[in-house]
Amino acid sequence: MSFVTAVILCPFAVLAWKLYSRHYAFLTLGRFTFQDFLLPAFALIVLTYIHGYFAQPEPWLSELPRQTPFVKWATILAISLFAPINEEIIFRGFVLNSSIGWGRYAKTAGIIVTSGLFALIHIQYSAVSTFIYLFIFSAILCTVRINNGGLLIPMLLHALNNSWACVVLFNFSAAK
């Protein structure tokens with residue numbers, strides 16, 4: 001999956017976003033402010049802690065530490081860099097954006113639909129607790145996207161979250 005994400009999906013998503021944002025000014029990268037970043041970052045730390053308490057083992061994760069160094073680094077890059085860019089453009093960009101402004105409850109419905117789809121595309125996971133985590137994670141990023149108006153902060157939060165997951169995965173797996 002890391003090859004497909006890095007070489008095909010991410011460049012396509014970036015190109016599509018660039019073309020789309022030329023015609024629609026409301027799909028921008030946005031600006032970074034600590035005010036918009038700190039509260040969601042804290043919420044994600046709390047969410048990650050709670051998920052760690054209730055998490056169930058995911059079978060596919062046990063295979064990653066046994067991979068070659070090249071595969072490990074490709075996986076880390078795909079998870080920490082390419083996936084957040086790709087997924088934020090697709091989900092908080094196109095999917096969420098398609099619902100904003102379409103009625104009284106459009107933002108709420110957009111957050112629910114976007115978060116549900118986001119959780120469902122992560123088919124490599126099997127634990128219900130992980131899908132709940134992914135849904136809430138996405139809802140937080142959707143709220144940040146709506147409040148901030150750009151994709152930069154959701155991309156950074158997503159990348160930090162995934163980078164932390166890689167650190168935990170590869171450090172704790174190496175200790176076993």
# chains A, B, ... in the order shown; residues from 1 in each chain; ligands from 1
$ residues_around --residues "A:Leu64" --least-positions-apart "5" --cutoff "9 Å" --atoms "only C-alpha atoms" --output "PyMOL selection string"
chain A and resi 71-72+75+169-170+173
$ write_last_selection --atoms "all heavy atoms" --output "mmCIF file, in the first residue's frame"
data_model
loop_
_atom_site.group_PDB
_atom_site.id
_atom_site.type_symbol
_atom_site.label_atom_id
_atom_site.label_comp_id
_atom_site.auth_asym_id
_atom_site.auth_seq_id
_atom_site.Cartn_x
_atom_site.Cartn_y
_atom_site.Cartn_z
ATOM 1 N N VAL A 71 11.522 -1.533 3.525
ATOM 2 C CA VAL A 71 10.063 -1.600 3.644
ATOM 3 C C VAL A 71 9.599 -0.816 4.872
ATOM 4 O O VAL A 71 8.588 -0.104 4.818
ATOM 5 C CB VAL A 71 9.583 -3.071 3.696
ATOM 6 C CG1 VAL A 71 8.103 -3.153 4.045
ATOM 7 C CG2 VAL A 71 9.861 -3.766 2.377
ATOM 8 N N LYS A 72 10.346 -0.899 5.953
ATOM 9 C CA LYS A 72 9.987 -0.129 7.161
ATOM 10 C C LYS A 72 10.003 1.360 6.876
ATOM 11 O O LYS A 72 9.066 2.085 7.237
ATOM 12 C CB LYS A 72 10.946 -0.446 8.311
ATOM 13 C CG LYS A 72 10.734 -1.786 8.938
ATOM 14 C CD LYS A 72 11.730 -1.992 10.077
ATOM 15 C CE LYS A 72 11.629 -3.383 10.648
ATOM 16 N NZ LYS A 72 12.596 -3.615 11.726
ATOM 17 N N THR A 75 7.200 2.369 4.608
ATOM 18 C CA THR A 75 5.954 2.359 5.373
ATOM 19 C C THR A 75 5.847 3.598 6.251
ATOM 20 O O THR A 75 4.794 4.238 6.314
ATOM 21 C CB THR A 75 5.864 1.081 6.231
ATOM 22 O OG1 THR A 75 5.925 -0.057 5.366
ATOM 23 C CG2 THR A 75 4.579 1.042 7.031
ATOM 24 N N LEU A 169 4.795 2.057 17.326
ATOM 25 C CA LEU A 169 4.779 0.738 16.679
ATOM 26 C C LEU A 169 6.166 0.158 16.537
ATOM 27 O O LEU A 169 6.424 -0.964 16.939
ATOM 28 C CB LEU A 169 4.105 0.837 15.304
ATOM 29 C CG LEU A 169 4.145 -0.423 14.458
ATOM 30 C CD1 LEU A 169 3.303 -1.507 15.101
ATOM 31 C CD2 LEU A 169 3.671 -0.122 13.057
ATOM 32 N N PHE A 170 7.088 0.931 15.992
ATOM 33 C CA PHE A 170 8.411 0.388 15.726
ATOM 34 C C PHE A 170 9.297 0.332 16.969
ATOM 35 O O PHE A 170 10.131 -0.552 17.090
ATOM 36 C CB PHE A 170 9.092 1.146 14.581
ATOM 37 C CG PHE A 170 8.480 0.801 13.249
ATOM 38 C CD1 PHE A 170 7.658 1.696 12.583
ATOM 39 C CD2 PHE A 170 8.699 -0.439 12.670
ATOM 40 C CE1 PHE A 170 7.101 1.370 11.354
ATOM 41 C CE2 PHE A 170 8.145 -0.778 11.452
ATOM 42 C CZ PHE A 170 7.338 0.129 10.794
ATOM 43 N N SER A 173 7.704 -2.571 19.204
ATOM 44 C CA SER A 173 7.893 -3.852 18.514
ATOM 45 C C SER A 173 9.354 -4.279 18.566
ATOM 46 O O SER A 173 9.648 -5.458 18.679
ATOM 47 C CB SER A 173 7.443 -3.745 17.062
ATOM 48 O OG SER A 173 6.087 -3.418 17.008
#
$ residues_around --residues "A:Asn148" --least-positions-apart "4" --cutoff "9 Å" --atoms "only C-alpha atoms" --output "list in words"
Gly30, Arg31, Phe32, Asp36, Thr143, Val144 and Ile153 of chain A
$ closest_atom_pairs --of "stretch 99-133 of chain A" --to "stretch 41-54 of chain A" --cutoff "8 Å" --atoms "only C-alpha atoms" --output "tab-separated table"
residue	atom	partner	partner_atom	distance
A:Ser129	CA	A:Phe54	CA	6.8
A:Thr130	CA	A:His51	CA	7.5
A:Tyr133	CA	A:His51	CA	6.4
$ write_last_selection --atoms "N, CA and C atoms" --output "mmCIF file, in the first residue's frame"
data_model
loop_
_atom_site.group_PDB
_atom_site.id
_atom_site.type_symbol
_atom_site.label_atom_id
_atom_site.label_comp_id
_atom_site.auth_asym_id
_atom_site.auth_seq_id
_atom_site.Cartn_x
_atom_site.Cartn_y
_atom_site.Cartn_z
ATOM 1 N N SER A 129 -12.905 -0.887 18.324
ATOM 2 C CA SER A 129 -12.362 0.285 19.028
ATOM 3 C C SER A 129 -11.522 1.158 18.092
ATOM 4 N N THR A 130 -10.851 0.543 17.134
ATOM 5 C CA THR A 130 -10.046 1.311 16.175
ATOM 6 C C THR A 130 -10.945 2.111 15.239
ATOM 7 N N TYR A 133 -12.184 5.033 17.170
ATOM 8 C CA TYR A 133 -11.081 5.995 17.253
ATOM 9 C C TYR A 133 -10.940 6.778 15.947
#
$ atom_distance --atom1 "atom CA of A:Ala159" --atom2 "atom CA of A:Arg66"
23.6 Å
$ atom_distance --atom1 "atom CA of A:Asn162" --atom2 "atom CA of A:Ala78"
9.7 Å
$ residues_around --residues "A:Cys142" --least-positions-apart "2" --cutoff "8 Å" --atoms "only C-alpha atoms" --output "ChimeraX atom specification"
/A:92,96,111,114-115,138-140,144-146,154
$ select_by_dssp --residues "stretch 45-146 of chain A" --states "alpha helix (DSSP H)" --output "MDAnalysis selection string"
chainID A and resid 45:54 69:77 83:87 96:97 106:121 128:146
$ atom_distance --atom1 "atom CA of A:Thr68" --atom2 "atom CA of A:Val128"
29.8 Å
$ residues_around --residues "A:Leu15" --least-positions-apart "6" --cutoff "12 Å" --atoms "only C-alpha atoms" --output "PyMOL selection string"
chain A and resi 8-9+21-22+85-86+89-90
$ write_last_selection --atoms "N, CA, C and O atoms" --output "PDB file, in the first residue's frame"
ATOM      1  N   ILE A   8       1.124   6.972  -6.577  1.00  0.00           N
ATOM      2  CA  ILE A   8      -0.070   7.175  -7.391  1.00  0.00           C
ATOM      3  C   ILE A   8      -1.091   8.087  -6.701  1.00  0.00           C
ATOM      4  O   ILE A   8      -1.442   9.138  -7.225  1.00  0.00           O
ATOM      5  N   LEU A   9      -1.561   7.702  -5.525  1.00  0.00           N
ATOM      6  CA  LEU A   9      -2.663   8.418  -4.894  1.00  0.00           C
ATOM      7  C   LEU A   9      -2.303   9.827  -4.444  1.00  0.00           C
ATOM      8  O   LEU A   9      -3.059  10.766  -4.698  1.00  0.00           O
ATOM      9  N   SER A  21      -8.812  23.932  -6.497  1.00  0.00           N
ATOM     10  CA  SER A  21      -8.693  25.168  -5.719  1.00  0.00           C
ATOM     11  C   SER A  21      -8.523  26.405  -6.602  1.00  0.00           C
ATOM     12  O   SER A  21      -8.742  27.522  -6.143  1.00  0.00           O
ATOM     13  N   ARG A  22      -8.144  26.230  -7.848  1.00  0.00           N
ATOM     14  CA  ARG A  22      -8.077  27.368  -8.775  1.00  0.00           C
ATOM     15  C   ARG A  22      -9.467  27.941  -9.050  1.00  0.00           C
ATOM     16  O   ARG A  22      -9.624  29.125  -9.289  1.00  0.00           O
ATOM     17  N   ILE A  85      -1.402  13.730   3.761  1.00  0.00           N
ATOM     18  CA  ILE A  85      -1.653  14.692   2.681  1.00  0.00           C
ATOM     19  C   ILE A  85      -2.796  14.187   1.803  1.00  0.00           C
ATOM     20  O   ILE A  85      -3.767  14.897   1.538  1.00  0.00           O
ATOM     21  N   ASN A  86      -2.683  12.944   1.378  1.00  0.00           N
ATOM     22  CA  ASN A  86      -3.680  12.330   0.506  1.00  0.00           C
ATOM     23  C   ASN A  86      -5.054  12.303   1.166  1.00  0.00           C
ATOM     24  O   ASN A  86      -6.049  12.735   0.588  1.00  0.00           O
ATOM     25  N   ILE A  89      -6.693  15.844   1.762  1.00  0.00           N
ATOM     26  CA  ILE A  89      -7.219  16.425   0.518  1.00  0.00           C
ATOM     27  C   ILE A  89      -8.523  15.741   0.133  1.00  0.00           C
ATOM     28  O   ILE A  89      -9.519  16.406  -0.187  1.00  0.00           O
ATOM     29  N   ILE A  90      -8.540  14.425   0.200  1.00  0.00           N
ATOM     30  CA  ILE A  90      -9.737  13.684  -0.212  1.00  0.00           C
ATOM     31  C   ILE A  90     -10.879  13.858   0.771  1.00  0.00           C
ATOM     32  O   ILE A  90     -11.990  14.225   0.378  1.00  0.00           O
TER      33      ILE A  90
END
$ closest_residue --among "A:Val168, A:Ile121, A:Val14, A:Leu157" --to "A:Leu39" --atoms "only C-alpha atoms"
A:Leu157
$ closest_residue --among "A:Leu134, A:Phe118, A:Thr33, A:Ala165" --to "A:Leu152" --atoms "only C-alpha atoms"
A:Thr33
$ residues_around --residues "A:Glu87" --least-positions-apart "3" --cutoff "9 Å" --atoms "only C-alpha atoms" --output "list of chain:residue names"
A:Cys10, A:Ala13, A:Phe82, A:Ala83, A:Pro84, A:Ile90, A:Phe91, A:Arg92, A:Gly93, A:Phe118, A:Met155, A:His158
